[in-house]
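As provided, final03.tsv (TSV, C-alpha atoms (C1' of nucleotides)) reads as follows.
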```tsv
chain	number	residue	atom	x	y	z
J	1	MET	CA	109.66	0.60	209.83
J	2	LYS	CA	112.31	-0.26	212.38
J	3	LEU	CA	112.95	-3.58	213.97
J	4	SER	CA	113.31	-3.26	217.74
J	5	THR	CA	116.29	-4.66	219.57
J	6	LYS	CA	114.08	-7.54	220.67
J	7	GLY	CA	113.93	-8.90	217.17
J	8	ARG	CA	117.46	-7.95	216.31
J	9	TYR	CA	119.07	-9.32	219.45
J	10	GLY	CA	116.83	-12.36	219.30
J	11	VAL	CA	118.11	-13.27	215.86
J	12	MET	CA	121.71	-12.50	216.87
J	13	ALA	CA	121.45	-14.73	219.92
J	14	MET	CA	119.81	-17.56	218.03
J	15	PHE	CA	122.46	-17.28	215.34
J	16	ASP	CA	125.13	-17.48	218.02
J	17	LEU	CA	123.54	-20.61	219.47
J	18	ALA	CA	123.33	-22.05	215.96
J	19	LEU	CA	127.06	-21.51	215.48
J	20	HIS	CA	127.66	-23.59	218.60
J	21	TYR	CA	124.95	-26.13	217.93
J	22	GLY	CA	125.91	-29.58	219.23
J	23	GLN	CA	128.55	-28.21	221.59
J	24	GLY	CA	126.50	-28.42	224.77
J	25	PRO	CA	124.92	-25.55	226.65
J	26	ILE	CA	126.15	-22.05	225.82
J	27	SER	CA	126.02	-19.46	228.58
J	28	LEU	CA	124.26	-16.17	228.04
J	29	LYS	CA	127.35	-14.44	229.29
J	30	SER	CA	129.37	-15.67	226.35
J	31	VAL	CA	126.60	-14.93	223.87
J	32	ALA	CA	126.20	-11.44	225.25
J	33	GLN	CA	129.92	-10.80	225.04
J	34	ARG	CA	130.30	-12.08	221.50
J	35	GLN	CA	127.30	-10.18	220.24
J	36	GLY	CA	127.81	-7.04	222.30
J	37	ILE	CA	124.49	-7.17	224.13
J	38	SER	CA	123.60	-6.51	227.77
J	39	GLU	CA	123.51	-9.88	229.49
J	40	HIS	CA	120.60	-9.03	231.74
J	41	TYR	CA	118.54	-7.73	228.87
J	42	LEU	CA	119.32	-10.79	226.79
J	43	GLU	CA	118.11	-12.89	229.70
J	44	GLN	CA	114.63	-11.46	229.27
J	45	LEU	CA	114.66	-12.16	225.57
J	46	MET	CA	115.81	-15.74	226.03
J	47	GLY	CA	112.94	-16.26	228.43
J	48	VAL	CA	110.55	-15.50	225.60
J	49	LEU	CA	112.35	-17.87	223.26
J	50	ARG	CA	112.38	-20.56	225.92
J	51	LYS	CA	108.66	-20.27	226.61
J	52	ALA	CA	108.04	-20.49	222.88
J	53	GLY	CA	109.98	-23.76	222.81
J	54	TYR	CA	112.83	-22.59	220.62
J	55	VAL	CA	115.61	-23.00	223.16
J	56	LYS	CA	116.25	-25.30	226.08
J	57	SER	CA	118.01	-24.10	229.20
J	58	ILE	CA	120.27	-25.90	231.65
J	59	ARG	CA	120.60	-24.20	235.00
J	60	GLY	CA	123.55	-24.06	237.34
J	61	ALA	CA	127.27	-23.85	236.75
J	62	GLN	CA	128.33	-24.87	233.23
J	63	GLY	CA	124.72	-24.38	232.25
J	64	GLY	CA	123.38	-22.35	229.39
J	65	TYR	CA	121.14	-22.57	226.36
J	66	THR	CA	120.84	-24.84	223.36
J	67	LEU	CA	118.54	-24.81	220.36
J	68	THR	CA	115.75	-27.36	220.52
J	69	ARG	CA	115.85	-27.90	216.77
J	70	ASP	CA	118.40	-28.10	214.03
J	71	PRO	CA	119.44	-24.66	212.73
J	72	ALA	CA	118.15	-25.66	209.32
J	73	GLN	CA	114.68	-26.00	210.82
J	74	ILE	CA	114.51	-22.50	212.29
J	75	THR	CA	113.82	-19.47	210.13
J	76	VAL	CA	114.56	-15.84	210.87
J	77	GLY	CA	110.86	-15.14	210.36
J	78	GLU	CA	109.87	-17.44	213.22
J	79	ILE	CA	112.25	-15.70	215.58
J	80	VAL	CA	111.09	-12.23	214.56
J	81	ARG	CA	107.44	-13.19	215.09
J	82	ILE	CA	108.14	-14.58	218.53
J	83	MET	CA	110.07	-11.51	219.58
J	84	GLU	CA	107.98	-8.81	217.92
J	85	GLY	CA	104.59	-10.33	217.25
J	86	PRO	CA	102.97	-10.77	213.83
J	87	ILE	CA	104.71	-9.11	210.92
J	88	ALA	CA	102.41	-6.34	209.72
J	89	PRO	CA	103.43	-2.81	208.77
J	90	VAL	CA	99.98	-1.55	209.80
J	91	ASP	CA	97.53	-2.88	212.38
J	92	CYS	CA	94.54	-3.16	210.08
J	93	LEU	CA	96.26	-6.10	208.37
J	94	LEU	CA	95.87	-8.18	211.51
J	95	ALA	CA	92.99	-10.66	211.43
J	96	ALA	CA	92.15	-9.97	215.07
J	97	SER	CA	91.78	-6.26	214.41
J	98	LYS	CA	88.41	-4.91	215.48
J	99	ASN	CA	88.54	-1.64	213.61
J	100	ASN	CA	86.69	-3.13	210.67
J	101	GLU	CA	84.40	-0.17	210.29
J	102	TYR	CA	87.53	1.84	209.65
J	103	CYS	CA	88.99	-0.60	207.21
J	104	ASN	CA	85.80	-1.00	205.25
J	105	ARG	CA	86.31	2.38	203.67
J	106	ALA	CA	87.05	1.63	200.07
J	107	GLN	CA	89.74	4.31	199.90
J	108	THR	CA	91.51	3.16	203.00
J	109	CYS	CA	91.65	-0.32	201.63
J	110	VAL	CA	93.45	0.82	198.51
J	111	THR	CA	96.39	2.02	200.59
J	112	ARG	CA	95.93	-1.05	202.73
J	113	GLY	CA	96.70	-3.13	199.67
J	114	VAL	CA	100.10	-1.48	199.53
J	115	TRP	CA	100.91	-2.47	203.08
J	116	ALA	CA	99.76	-6.01	202.42
J	117	LYS	CA	102.24	-6.24	199.56
J	118	VAL	CA	104.96	-4.84	201.79
J	119	ARG	CA	104.17	-7.41	204.44
J	120	ASP	CA	104.24	-10.23	201.90
J	121	SER	CA	107.62	-9.17	200.58
J	122	ILE	CA	109.05	-9.01	204.08
J	123	THR	CA	107.74	-12.41	205.07
J	124	ALA	CA	108.99	-13.92	201.82
J	125	VAL	CA	112.51	-12.89	202.79
J	126	VAL	CA	112.58	-13.74	206.47
J	127	ASP	CA	110.73	-17.03	206.08
J	128	SER	CA	113.19	-18.21	203.45
J	129	ILE	CA	116.31	-17.73	205.56
J	130	THR	CA	117.22	-20.32	208.19
J	131	LEU	CA	119.84	-20.15	210.91
J	132	ALA	CA	121.77	-22.79	208.98
J	133	ASP	CA	121.91	-20.41	206.01
J	134	LEU	CA	123.45	-17.76	208.23
J	135	CYS	CA	126.01	-20.20	209.59
J	136	LYS	CA	126.99	-21.16	206.06
J	137	GLU	CA	127.43	-17.51	205.15
J	138	ASP	CA	129.51	-16.97	208.24
J	139	GLN	CA	131.93	-19.72	207.21
J	140	ILE	CA	132.40	-18.22	203.78
J	141	LYS	CA	133.23	-14.85	205.32
J	142	GLU	CA	136.11	-16.29	207.32
E	1	MET	CA	108.24	-3.38	211.97
E	2	LYS	CA	105.37	-0.98	212.16
E	3	LEU	CA	104.78	2.06	210.05
E	4	SER	CA	103.90	5.08	212.17
E	5	THR	CA	100.81	7.15	211.50
E	6	LYS	CA	103.06	9.72	209.88
E	7	GLY	CA	103.79	7.43	206.97
E	8	ARG	CA	100.34	5.95	206.89
E	9	TYR	CA	98.44	9.22	207.07
E	10	GLY	CA	100.90	10.81	204.70
E	11	VAL	CA	100.17	8.23	202.01
E	12	MET	CA	96.44	8.43	202.69
E	13	ALA	CA	96.43	12.21	202.35
E	14	MET	CA	98.54	12.17	199.20
E	15	PHE	CA	96.28	9.53	197.73
E	16	ASP	CA	93.27	11.71	198.54
E	17	LEU	CA	94.90	14.67	196.80
E	18	ALA	CA	95.70	12.44	193.85
E	19	LEU	CA	92.04	11.44	193.56
E	20	HIS	CA	91.19	15.13	193.26
E	21	TYR	CA	94.16	16.07	191.12
E	22	GLY	CA	93.34	18.87	188.70
E	23	GLN	CA	90.29	20.02	190.65
E	24	GLY	CA	91.92	22.98	192.37
E	25	PRO	CA	92.98	23.25	196.00
E	26	ILE	CA	91.60	20.64	198.39
E	27	SER	CA	91.14	21.68	202.01
E	28	LEU	CA	92.68	19.67	204.80
E	29	LYS	CA	89.33	19.63	206.49
E	30	SER	CA	87.82	17.60	203.67
E	31	VAL	CA	90.85	15.30	203.45
E	32	ALA	CA	90.78	14.72	207.18
E	33	GLN	CA	87.08	13.93	207.11
E	34	ARG	CA	87.27	11.53	204.18
E	35	GLN	CA	90.27	9.70	205.60
E	36	GLY	CA	89.23	9.81	209.23
E	37	ILE	CA	92.27	11.69	210.49
E	38	SER	CA	92.60	14.52	213.00
E	39	GLU	CA	92.71	17.73	210.99
E	40	HIS	CA	95.22	19.44	213.23
E	41	TYR	CA	97.56	16.50	213.20
E	42	LEU	CA	97.30	16.22	209.44
E	43	GLU	CA	98.28	19.87	209.27
E	44	GLN	CA	101.66	19.05	210.75
E	45	LEU	CA	102.18	16.24	208.30
E	46	MET	CA	101.28	18.38	205.32
E	47	GLY	CA	103.82	20.93	206.48
E	48	VAL	CA	106.50	18.29	206.03
E	49	LEU	CA	105.24	17.35	202.59
E	50	ARG	CA	105.06	21.01	201.59
E	51	LYS	CA	108.60	21.74	202.71
E	52	ALA	CA	109.74	18.72	200.73
E	53	GLY	CA	108.08	20.18	197.65
E	54	TYR	CA	105.48	17.49	197.15
E	55	VAL	CA	102.42	19.66	197.69
E	56	LYS	CA	101.61	23.31	197.11
E	57	SER	CA	99.35	25.22	199.46
E	58	ILE	CA	96.95	28.06	198.80
E	59	ARG	CA	96.02	30.05	201.88
E	60	GLY	CA	92.79	31.79	202.72
E	61	ALA	CA	89.17	30.85	202.12
E	62	GLN	CA	88.66	28.25	199.38
E	63	GLY	CA	92.33	27.47	199.78
E	64	GLY	CA	93.88	24.09	200.32
E	65	TYR	CA	96.52	21.78	198.92
E	66	THR	CA	97.39	20.38	195.54
E	67	LEU	CA	100.05	17.98	194.35
E	68	THR	CA	102.98	19.63	192.64
E	69	ARG	CA	103.44	16.70	190.28
E	70	ASP	CA	101.30	14.26	188.38
E	71	PRO	CA	100.17	11.31	190.53
E	72	ALA	CA	101.98	9.01	188.13
E	73	GLN	CA	105.24	10.72	189.07
E	74	ILE	CA	104.93	10.20	192.82
E	75	THR	CA	105.67	6.85	194.41
E	76	VAL	CA	104.56	5.57	197.79
E	77	GLY	CA	108.23	5.05	198.62
E	78	GLU	CA	108.99	8.74	198.24
E	79	ILE	CA	106.19	9.68	200.59
E	80	VAL	CA	107.20	7.14	203.19
E	81	ARG	CA	110.81	8.35	203.13
E	82	ILE	CA	109.76	11.96	203.57
E	83	MET	CA	107.48	11.13	206.46
E	84	GLU	CA	109.57	8.49	208.21
E	85	GLY	CA	113.12	8.96	207.04
E	86	PRO	CA	115.20	6.39	205.17
E	87	ILE	CA	113.77	2.91	204.88
E	88	ALA	CA	115.99	0.64	206.96
E	89	PRO	CA	114.83	-2.06	209.37
E	90	VAL	CA	118.00	-1.56	211.41
E	91	ASP	CA	120.18	1.51	211.89
E	92	CYS	CA	123.46	-0.08	210.91
E	93	LEU	CA	122.22	-0.15	207.31
E	94	LEU	CA	122.33	3.62	207.17
E	95	ALA	CA	125.37	5.07	205.42
E	96	ALA	CA	125.65	7.90	207.94
E	97	SER	CA	125.79	5.47	210.84
E	98	LYS	CA	128.84	5.99	213.06
E	99	ASN	CA	128.67	2.67	214.88
E	100	ASN	CA	131.04	1.10	212.41
E	101	GLU	CA	133.12	-0.60	215.04
E	102	TYR	CA	129.94	-2.44	215.98
E	103	CYS	CA	129.10	-3.37	212.43
E	104	ASN	CA	132.57	-4.58	211.61
E	105	ARG	CA	132.00	-7.73	213.60
E	106	ALA	CA	131.86	-10.48	211.04
E	107	GLN	CA	129.05	-12.24	212.87
E	108	THR	CA	126.94	-9.16	213.19
E	109	CYS	CA	127.26	-8.55	209.51
E	110	VAL	CA	125.80	-11.94	208.70
E	111	THR	CA	122.53	-10.99	210.36
E	112	ARG	CA	122.91	-7.55	208.86
E	113	GLY	CA	122.73	-9.16	205.44
E	114	VAL	CA	119.27	-10.41	206.33
E	115	TRP	CA	118.05	-6.92	207.14
E	116	ALA	CA	119.55	-5.58	203.94
E	117	LYS	CA	117.51	-8.10	201.99
E	118	VAL	CA	114.40	-7.12	203.93
E	119	ARG	CA	115.03	-3.47	203.16
E	120	ASP	CA	115.52	-4.21	199.48
E	121	SER	CA	112.28	-6.14	199.26
E	122	ILE	CA	110.38	-3.34	200.97
E	123	THR	CA	111.81	-0.64	198.74
E	124	ALA	CA	111.13	-2.73	195.63
E	125	VAL	CA	107.45	-2.71	196.54
E	126	VAL	CA	106.94	0.87	197.65
E	127	ASP	CA	109.08	2.37	194.90
E	128	SER	CA	107.10	0.54	192.22
E	129	ILE	CA	103.69	1.85	193.28
E	130	THR	CA	102.64	5.36	192.25
E	131	LEU	CA	99.68	7.39	193.42
E	132	ALA	CA	98.24	6.96	189.92
E	133	ASP	CA	98.32	3.19	190.44
E	134	LEU	CA	96.30	3.59	193.60
E	135	CYS	CA	93.77	5.82	191.86
E	136	LYS	CA	93.35	3.22	189.14
E	137	GLU	CA	92.76	0.54	191.73
E	138	ASP	CA	90.25	2.74	193.47
E	139	GLN	CA	88.21	3.09	190.27
E	140	ILE	CA	88.10	-0.65	189.77
E	141	LYS	CA	86.82	-1.13	193.30
E	142	GLU	CA	83.80	1.07	192.67
N	1	DA	C1'	84.98	46.67	204.86
N	2	DA	C1'	83.61	42.61	207.47
N	3	DG	C1'	83.46	37.98	208.18
N	4	DA	C1'	84.67	33.45	207.39
N	5	DA	C1'	87.57	29.87	205.74
N	6	DA	C1'	91.52	28.23	205.40
N	7	DA	C1'	96.79	27.57	205.94
N	8	DC	C1'	100.57	28.31	209.24
N	9	DC	C1'	103.28	27.98	213.56
N	10	DG	C1'	105.12	26.68	218.01
N	11	DA	C1'	104.41	24.87	222.42
N	12	DT	C1'	102.63	21.41	225.30
N	13	DT	C1'	100.94	16.91	226.81
N	14	DG	C1'	99.46	12.19	227.87
N	15	DT	C1'	100.50	7.59	226.63
N	16	DT	C1'	103.13	3.90	225.11
N	17	DT	C1'	107.24	1.67	223.80
N	18	DT	C1'	111.93	0.89	224.22
N	19	DA	C1'	115.83	-0.69	226.23
N	20	DG	C1'	117.38	-1.57	229.61
N	21	DT	C1'	118.86	-1.93	235.19
N	22	DC	C1'	118.50	-3.92	239.78
N	23	DG	C1'	118.22	-7.23	243.34
N	24	DG	C1'	117.61	-11.38	244.64
N	25	DA	C1'	116.07	-16.60	244.48
N	26	DA	C1'	116.68	-21.23	242.74
N	27	DT	C1'	119.61	-24.73	240.69
N	28	DA	C1'	123.52	-27.47	239.54
N	29	DG	C1'	128.53	-28.57	238.75
N	30	DC	C1'	133.11	-28.67	240.99
X	1	DG	C1'	130.27	-25.03	250.27
X	2	DC	C1'	131.49	-22.07	246.56
X	3	DT	C1'	130.59	-20.46	242.24
X	4	DA	C1'	128.36	-20.11	237.89
X	5	DT	C1'	124.45	-19.92	235.94
X	6	DT	C1'	119.35	-19.56	234.87
X	7	DC	C1'	115.12	-17.48	236.48
X	8	DC	C1'	111.86	-13.92	238.03
X	9	DG	C1'	109.55	-9.63	238.91
X	10	DA	C1'	109.79	-4.94	239.75
X	11	DC	C1'	111.42	-0.66	238.44
X	12	DT	C1'	112.99	3.29	235.47
X	13	DA	C1'	114.92	6.84	232.30
X	14	DA	C1'	114.44	8.30	227.85
X	15	DA	C1'	112.47	8.53	223.54
X	16	DA	C1'	108.83	8.20	220.23
X	17	DC	C1'	104.12	8.65	219.15
X	18	DA	C1'	99.96	10.85	218.33
X	19	DA	C1'	97.99	14.15	219.01
X	20	DT	C1'	95.85	18.78	221.17
X	21	DC	C1'	95.73	23.73	221.94
X	22	DG	C1'	95.88	28.52	221.05
X	23	DG	C1'	96.73	31.81	218.32
X	24	DT	C1'	98.42	34.39	213.65
X	25	DT	C1'	98.18	35.32	208.87
X	26	DT	C1'	96.24	35.17	204.45
X	27	DT	C1'	92.65	35.36	201.08
X	28	DC	C1'	88.06	34.69	199.20
X	29	DT	C1'	83.26	36.04	199.38
X	30	DT	C1'	79.65	39.08	200.29
```
If you convert what's in this file into structure tokens, what do you get?
Amino acid sequence: MKLSTKGRYGVMAMFDLALHYGQGPISLKSVAQRQGISEHYLEQLMGVLRKAGYVKSIRGAQGGYTLTRDPAQITVGEIVRIMEGPIAPVDCLLAASKNNEYCNRAQTCVTRGVWAKVRDSITAVVDSITLADLCKEDQIKE
Amino acid sequence: MKLSTKGRYGVMAMFDLALHYGQGPISLKSVAQRQGISEHYLEQLMGVLRKAGYVKSIRGAQGGYTLTRDPAQITVGEIVRIMEGPIAPVDCLLAASKNNEYCNRAQTCVTRGVWAKVRDSITAVVDSITLADLCKEDQIKE
DNA sequence: AAGAAAACCGATTGTTTTAGTCGGAATAGC
DNA sequence: GCTATTCCGACTAAAACAATCGGTTTTCTT
């Protein structure tokens, strides 16, 4: 039940961009330094976010990344799904799963119900928190 | 955010034992067949559960495993923790974590708060469901 | 007493995921 | 033209995962 660094760093980077929202492009170098992440690795992750339309990049000197939407319009859940794929503690919860024969066992499905509840409780949390919420919390802390 | 087969199979096996609670020792062979798990692999997992005191084993022919407690006294959360270790989407939530320097960053801790909420919502679910609950559900389904 | 059914144990293995690194090409500001 | 930056694809070391294998011990049944 661990989040990989993809999801974790993804949220950290997006939070960092949210903190600097409206201040022009932010370089990965600065994000990586502030958040303590390998710059090259972060590069890969930002590529994913860019292709998903969540960030915009400006190349060249003084370039960097900016959010394409207001921080209040981006939830942690969206970022996690982009970075890690659908939120599901077990594969048989995925609609596209082909192991139906397996999941049709009545007994299996009882335990499956547990994992569905777990998934729902996770999504309820991450989908209710926006980057703007995190920024607000950050201000209070300082 | 995936559960490994350890946790999944562990809950399945314990649920199977719960269904047969009070009927004497249940062989791994039968559990493995009903649940569709490799018997040898399940053996390893049951060793963990046995050492943790959750099941009792009887060796020799007609031997097998039984729960050491009533199904109503065993939660899914307990089983998951035994099989997978502490429930924590990120390592910095663990008390024994030594990367405190890392976690002391104010910004990091904002995102950390998110993962703490995720953890709490997961534990609320798994700690509230007992094996007896699953057995009850199973009866309704049939 | 023999045979079979089971738990027990430790080593090994193939695959996948993770968490990066590396080297360079393209682009844009100064 | 220099430098800062994004962009891209290949590569890799290490760990985790999900078993498998081979054998030992124990106990029930006949």
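Across the structure, atom CA of E:Glu78 and atom CA of E:Thr123 are spaced 9.8 Å apart.
With only C-alpha atoms as the basis for measurement, E:Thr111 is the residue among E:Thr68, E:Ser128, E:Gln33, E:Thr111 that approaches chain J most closely.
Those residues of chain E that fall within 10 Å of chain N when using only C-alpha atoms (C1' of nucleotides) read Ser27, Leu28, Lys29, Glu43, Gln44, Gly47, Ser57, Ile58, Arg59, Gly60, Ala61, Gln62, Gly63, Gly64 and Tyr65 of chain E.
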Would you tabulate, counting all atoms listed in the file, all residues of chain E that have an atom at most 8 Å from an atom of chain J, showing the closest pair of atoms and their distance in Å to one decimal, sorted by chain then ascending number, as JSON lines?
```
{"residue": "E:Met1", "atom": "CA", "partner": "J:Met1", "partner_atom": "CA", "distance": 4.7}
{"residue": "E:Lys2", "atom": "CA", "partner": "J:Pro89", "partner_atom": "CA", "distance": 4.3}
{"residue": "E:Leu3", "atom": "CA", "partner": "J:Met1", "partner_atom": "CA", "distance": 5.1}
{"residue": "E:Ser4", "atom": "CA", "partner": "J:Met1", "partner_atom": "CA", "distance": 7.7}
{"residue": "E:Val11", "atom": "CA", "partner": "J:Thr111", "partner_atom": "CA", "distance": 7.4}
{"residue": "E:Met12", "atom": "CA", "partner": "J:Thr111", "partner_atom": "CA", "distance": 6.7}
{"residue": "E:Gln35", "atom": "CA", "partner": "J:Thr108", "partner_atom": "CA", "distance": 7.1}
{"residue": "E:Ile87", "atom": "CA", "partner": "J:Met1", "partner_atom": "CA", "distance": 6.8}
{"residue": "E:Ala88", "atom": "CA", "partner": "J:Lys2", "partner_atom": "CA", "distance": 6.6}
{"residue": "E:Pro89", "atom": "CA", "partner": "J:Lys2", "partner_atom": "CA", "distance": 4.3}
{"residue": "E:Val90", "atom": "CA", "partner": "J:Lys2", "partner_atom": "CA", "distance": 5.9}
{"residue": "E:Ala106", "atom": "CA", "partner": "J:Lys141", "partner_atom": "CA", "distance": 7.3}
{"residue": "E:Gln107", "atom": "CA", "partner": "J:Asp138", "partner_atom": "CA", "distance": 6.6}
{"residue": "E:Thr108", "atom": "CA", "partner": "J:Gln35", "partner_atom": "CA", "distance": 7.1}
{"residue": "E:Val110", "atom": "CA", "partner": "J:Asp138", "partner_atom": "CA", "distance": 6.3}
{"residue": "E:Thr111", "atom": "CA", "partner": "J:Met12", "partner_atom": "CA", "distance": 6.7}
{"residue": "E:Val114", "atom": "CA", "partner": "J:Val126", "partner_atom": "CA", "distance": 7.5}
{"residue": "E:Lys117", "atom": "CA", "partner": "J:Val125", "partner_atom": "CA", "distance": 7.0}
{"residue": "E:Val118", "atom": "CA", "partner": "J:Ile122", "partner_atom": "CA", "distance": 5.7}
{"residue": "E:Ser121", "atom": "CA", "partner": "J:Ser121", "partner_atom": "CA", "distance": 5.7}
{"residue": "E:Ile122", "atom": "CA", "partner": "J:Val118", "partner_atom": "CA", "distance": 5.7}
{"residue": "E:Val125", "atom": "CA", "partner": "J:Val118", "partner_atom": "CA", "distance": 6.2}
{"residue": "E:Val126", "atom": "CA", "partner": "J:Val118", "partner_atom": "CA", "distance": 7.3}
{"residue": "E:Ile129", "atom": "CA", "partner": "J:Val114", "partner_atom": "CA", "distance": 7.9}
{"residue": "E:Leu134", "atom": "CA", "partner": "J:Val110", "partner_atom": "CA", "distance": 6.3}
{"residue": "E:Glu137", "atom": "CA", "partner": "J:Val110", "partner_atom": "CA", "distance": 6.8}
{"residue": "E:Asp138", "atom": "CA", "partner": "J:Val110", "partner_atom": "CA", "distance": 6.3}
{"residue": "E:Lys141", "atom": "CA", "partner": "J:Ala106", "partner_atom": "CA", "distance": 7.3}
```
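Going from atom CA of E:Lys56 to atom CA of E:Gly77 covers 19.5 Å.
Counting from atom CA of J:His40, the distance to atom CA of J:Ala18 is 20.6 Å.
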Could you pull out every residue with an atom within 9 Å of (117.8, -20.8, 217.7), file coordinates, counting only C-alpha atoms (C1' of nucleotides), and send them as a list of chain:residue names? J:Gly10, J:Val11, J:Ala13, J:Met14, J:Phe15, J:Asp16, J:Leu17, J:Ala18, J:Tyr21, J:Leu49, J:Tyr54, J:Val55, J:Thr66, J:Leu67, J:Thr68, J:Arg69, J:Asp70, J:Pro71, J:Ile74, J:Thr75, J:Ile79, J:Leu131
Can you write out the residues you just picked, keeping C-alpha atoms, as a compact mmCIF listing (two decimals), in the coordinates of the input?
```
# COMPACT_ATOMS: atom_id res chain seq x y z
CA GLY J 10 116.83 -12.36 219.30
CA VAL J 11 118.11 -13.27 215.86
CA ALA J 13 121.45 -14.73 219.92
CA MET J 14 119.81 -17.56 218.03
CA PHE J 15 122.46 -17.28 215.34
CA ASP J 16 125.13 -17.48 218.02
CA LEU J 17 123.54 -20.61 219.47
CA ALA J 18 123.33 -22.05 215.96
CA TYR J 21 124.95 -26.13 217.93
CA LEU J 49 112.35 -17.87 223.26
CA TYR J 54 112.83 -22.59 220.62
CA VAL J 55 115.61 -23.00 223.16
CA THR J 66 120.84 -24.84 223.36
CA LEU J 67 118.54 -24.81 220.36
CA THR J 68 115.75 -27.36 220.52
CA ARG J 69 115.85 -27.90 216.77
CA ASP J 70 118.40 -28.10 214.03
CA PRO J 71 119.44 -24.66 212.73
CA ILE J 74 114.51 -22.50 212.29
CA THR J 75 113.82 -19.47 210.13
CA ILE J 79 112.25 -15.70 215.58
CA LEU J 131 119.84 -20.15 210.91
```
Could the residues of chain X within 7 Å of chain J, counting only C-alpha atoms (C1' of nucleotides), be given as a PyMOL selection string, please? chain X and resi 4-6
Working from the structure I just supplied, which lacks atoms in stretch 57-70 of chain J, can you model N, CA, C and O atoms there and output them as a PDB file, keeping the file's coordinate frame?
```
ATOM      1  N   SER J  57     117.008 -24.657 228.298  1.00  0.00           N
ATOM      2  CA  SER J  57     118.010 -24.100 229.200  1.00  0.00           C
ATOM      3  C   SER J  57     118.466 -25.156 230.203  1.00  0.00           C
ATOM      4  O   SER J  57     117.702 -26.031 230.599  1.00  0.00           O
ATOM      5  N   ILE J  58     119.720 -25.060 230.589  1.00  0.00           N
ATOM      6  CA  ILE J  58     120.270 -25.900 231.650  1.00  0.00           C
ATOM      7  C   ILE J  58     120.782 -24.972 232.741  1.00  0.00           C
ATOM      8  O   ILE J  58     121.634 -24.124 232.474  1.00  0.00           O
ATOM      9  N   ARG J  59     120.235 -25.104 233.922  1.00  0.00           N
ATOM     10  CA  ARG J  59     120.600 -24.200 235.000  1.00  0.00           C
ATOM     11  C   ARG J  59     121.866 -24.651 235.716  1.00  0.00           C
ATOM     12  O   ARG J  59     122.331 -25.762 235.522  1.00  0.00           O
ATOM     13  N   GLY J  60     122.367 -23.744 236.544  1.00  0.00           N
ATOM     14  CA  GLY J  60     123.550 -24.060 237.340  1.00  0.00           C
ATOM     15  C   GLY J  60     124.850 -23.844 236.603  1.00  0.00           C
ATOM     16  O   GLY J  60     124.865 -23.482 235.422  1.00  0.00           O
ATOM     17  N   ALA J  61     125.945 -24.035 237.344  1.00  0.00           N
ATOM     18  CA  ALA J  61     127.270 -23.850 236.750  1.00  0.00           C
ATOM     19  C   ALA J  61     127.422 -24.717 235.505  1.00  0.00           C
ATOM     20  O   ALA J  61     126.878 -25.822 235.445  1.00  0.00           O
ATOM     21  N   GLN J  62     128.151 -24.184 234.531  1.00  0.00           N
ATOM     22  CA  GLN J  62     128.330 -24.870 233.230  1.00  0.00           C
ATOM     23  C   GLN J  62     127.013 -25.047 232.484  1.00  0.00           C
ATOM     24  O   GLN J  62     126.920 -25.830 231.548  1.00  0.00           O
ATOM     25  N   GLY J  63     125.997 -24.307 232.948  1.00  0.00           N
ATOM     26  CA  GLY J  63     124.720 -24.380 232.250  1.00  0.00           C
ATOM     27  C   GLY J  63     124.699 -23.437 231.076  1.00  0.00           C
ATOM     28  O   GLY J  63     125.725 -22.895 230.673  1.00  0.00           O
ATOM     29  N   GLY J  64     123.504 -23.233 230.533  1.00  0.00           N
ATOM     30  CA  GLY J  64     123.380 -22.350 229.390  1.00  0.00           C
ATOM     31  C   GLY J  64     122.187 -22.718 228.528  1.00  0.00           C
ATOM     32  O   GLY J  64     121.251 -23.370 229.007  1.00  0.00           O
ATOM     33  N   TYR J  65     122.249 -22.337 227.275  1.00  0.00           N
ATOM     34  CA  TYR J  65     121.140 -22.570 226.360  1.00  0.00           C
ATOM     35  C   TYR J  65     121.573 -23.374 225.152  1.00  0.00           C
ATOM     36  O   TYR J  65     122.722 -23.270 224.709  1.00  0.00           O
ATOM     37  N   THR J  66     120.628 -24.163 224.646  1.00  0.00           N
ATOM     38  CA  THR J  66     120.840 -24.840 223.360  1.00  0.00           C
ATOM     39  C   THR J  66     119.571 -24.720 222.537  1.00  0.00           C
ATOM     40  O   THR J  66     118.480 -24.562 223.092  1.00  0.00           O
ATOM     41  N   LEU J  67     119.704 -24.787 221.238  1.00  0.00           N
ATOM     42  CA  LEU J  67     118.540 -24.810 220.360  1.00  0.00           C
ATOM     43  C   LEU J  67     117.808 -26.132 220.541  1.00  0.00           C
ATOM     44  O   LEU J  67     118.439 -27.160 220.802  1.00  0.00           O
ATOM     45  N   THR J  68     116.507 -26.114 220.417  1.00  0.00           N
ATOM     46  CA  THR J  68     115.750 -27.360 220.520  1.00  0.00           C
ATOM     47  C   THR J  68     115.593 -28.035 219.166  1.00  0.00           C
ATOM     48  O   THR J  68     115.120 -29.165 219.086  1.00  0.00           O
ATOM     49  N   ARG J  69     115.957 -27.334 218.107  1.00  0.00           N
ATOM     50  CA  ARG J  69     115.850 -27.900 216.770  1.00  0.00           C
ATOM     51  C   ARG J  69     117.119 -27.609 215.990  1.00  0.00           C
ATOM     52  O   ARG J  69     117.896 -26.722 216.340  1.00  0.00           O
ATOM     53  N   ASP J  70     117.270 -28.330 214.920  1.00  0.00           N
ATOM     54  CA  ASP J  70     118.400 -28.100 214.030  1.00  0.00           C
ATOM     55  C   ASP J  70     118.304 -26.699 213.429  1.00  0.00           C
ATOM     56  O   ASP J  70     117.214 -26.245 213.082  1.00  0.00           O
TER      57      ASP J  70
END
```
